[in-house]
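For reference, the structure is listed below as structure tokens.
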Amino acid sequence: MNNKNRTYARKLKRDFRKNKYVYLMALLMNEIRSSRYKRVVLSLTYIPHFISVVVCGLLLEFSWSYSTAVGLFNSVINFTLLVLTNRISRRLSETSLW
């Protein structure tokens, strides 16, 4: 084995050690039979990447500080969850916030 192949093998090992949970999740996702459940799980695992892109976009577009962008995004998420919870409460019982 020459030096170039050894370097490549080391890089592959290092990459696998860093991303072993990503590879494991990809293999486990392949075992899920229900396509509806698979779509939900894939969407939920992608949300953190989407959130980071939105926060970085807010920082770059409006030249806000990091805490301002995170606070605004947190407020939007909280409002969305409040409206969703209110709708669920209204459907399941007679009480709701408004």
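Scheme for the structure tokens: letters A, B, ... for chains in order shown; per-chain residue numbers from 1; ligand numbers from 1 in order shown.
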Name the residues of chain A that come out as helix (DSSP H, G or I) in a backbone DSSP run; write them as a VMD selection string.
-> chain A and resid 3 to 18 20 to 31 35 to 62 66 to 92
Would you save the residues from that selection as a compact mmCIF listing (two decimals), in the first residue's frame, using C-alpha atoms?
# COMPACT_ATOMS: atom_id res chain seq x y z
CA ASN A 3 1.44 6.51 1.02
CA LYS A 4 -1.42 8.04 -1.00
CA ASN A 5 -3.72 5.06 -0.32
CA ARG A 6 -2.86 5.10 3.38
CA THR A 7 -3.75 8.79 3.61
CA TYR A 8 -7.05 8.16 1.85
CA ALA A 9 -7.83 5.23 4.19
CA ARG A 10 -7.09 7.41 7.23
CA LYS A 11 -9.41 10.12 5.91
CA LEU A 12 -12.19 7.57 5.39
CA LYS A 13 -11.78 6.23 8.93
CA ARG A 14 -11.81 9.74 10.39
CA ASP A 15 -14.89 10.64 8.35
CA PHE A 16 -16.69 7.51 9.49
CA ARG A 17 -15.84 8.20 13.16
CA LYS A 18 -17.20 11.74 12.87
CA LYS A 20 -21.16 7.33 12.36
CA TYR A 21 -24.53 8.44 13.73
CA VAL A 22 -25.49 9.91 10.36
CA TYR A 23 -24.68 6.63 8.64
CA LEU A 24 -26.51 4.67 11.33
CA MET A 25 -29.61 6.85 10.98
CA ALA A 26 -29.56 6.44 7.19
CA LEU A 27 -29.45 2.66 7.58
CA LEU A 28 -32.23 2.69 10.17
CA MET A 29 -34.41 4.97 8.01
CA ASN A 30 -34.16 2.41 5.24
CA GLU A 31 -35.80 -0.15 7.55
CA SER A 35 -43.87 5.88 4.06
CA ARG A 36 -45.96 8.37 6.06
CA TYR A 37 -43.93 7.79 9.22
CA LYS A 38 -40.70 7.93 7.20
CA ARG A 39 -41.65 11.34 5.78
CA VAL A 40 -42.42 12.71 9.25
CA VAL A 41 -39.14 11.46 10.71
CA LEU A 42 -37.13 12.82 7.79
CA SER A 43 -38.84 16.20 8.10
CA LEU A 44 -38.17 16.38 11.83
CA THR A 45 -34.52 15.50 11.40
CA TYR A 46 -34.10 18.21 8.75
CA ILE A 47 -35.67 21.01 10.85
CA PRO A 48 -32.46 22.00 12.74
CA HIS A 49 -30.63 22.57 9.45
CA PHE A 50 -33.49 24.70 8.17
CA ILE A 51 -33.59 26.74 11.38
CA SER A 52 -29.88 27.49 11.21
CA VAL A 53 -30.22 28.66 7.60
CA VAL A 54 -33.11 30.96 8.53
CA VAL A 55 -31.24 32.50 11.46
CA CYS A 56 -28.10 33.04 9.36
CA GLY A 57 -30.20 34.56 6.60
CA LEU A 58 -31.79 36.99 9.05
CA LEU A 59 -28.36 37.95 10.32
CA LEU A 60 -26.99 38.62 6.86
CA GLU A 61 -30.04 40.25 5.30
CA PHE A 62 -30.90 42.75 8.00
CA TYR A 66 -27.30 37.17 16.74
CA SER A 67 -29.47 37.58 19.84
CA THR A 68 -32.01 39.70 17.95
CA ALA A 69 -32.32 37.16 15.14
CA VAL A 70 -32.68 34.26 17.57
CA GLY A 71 -35.24 36.19 19.64
CA LEU A 72 -37.34 37.01 16.59
CA PHE A 73 -37.21 33.44 15.34
CA ASN A 74 -38.07 32.16 18.82
CA SER A 75 -41.10 34.49 18.93
CA VAL A 76 -42.33 33.25 15.55
CA ILE A 77 -41.96 29.61 16.61
CA ASN A 78 -43.72 30.26 19.94
CA PHE A 79 -46.62 32.03 18.22
CA THR A 80 -46.97 29.19 15.71
CA LEU A 81 -47.02 26.61 18.50
CA LEU A 82 -49.58 28.68 20.43
CA VAL A 83 -51.93 28.85 17.45
CA LEU A 84 -51.49 25.12 16.76
CA THR A 85 -52.16 24.24 20.41
CA ASN A 86 -55.24 26.46 20.43
CA ARG A 87 -56.65 24.70 17.37
CA ILE A 88 -56.02 21.27 18.86
CA SER A 89 -57.62 22.34 22.15
CA ARG A 90 -60.66 23.70 20.33
CA ARG A 91 -61.12 20.42 18.43
CA LEU A 92 -60.72 18.18 21.45
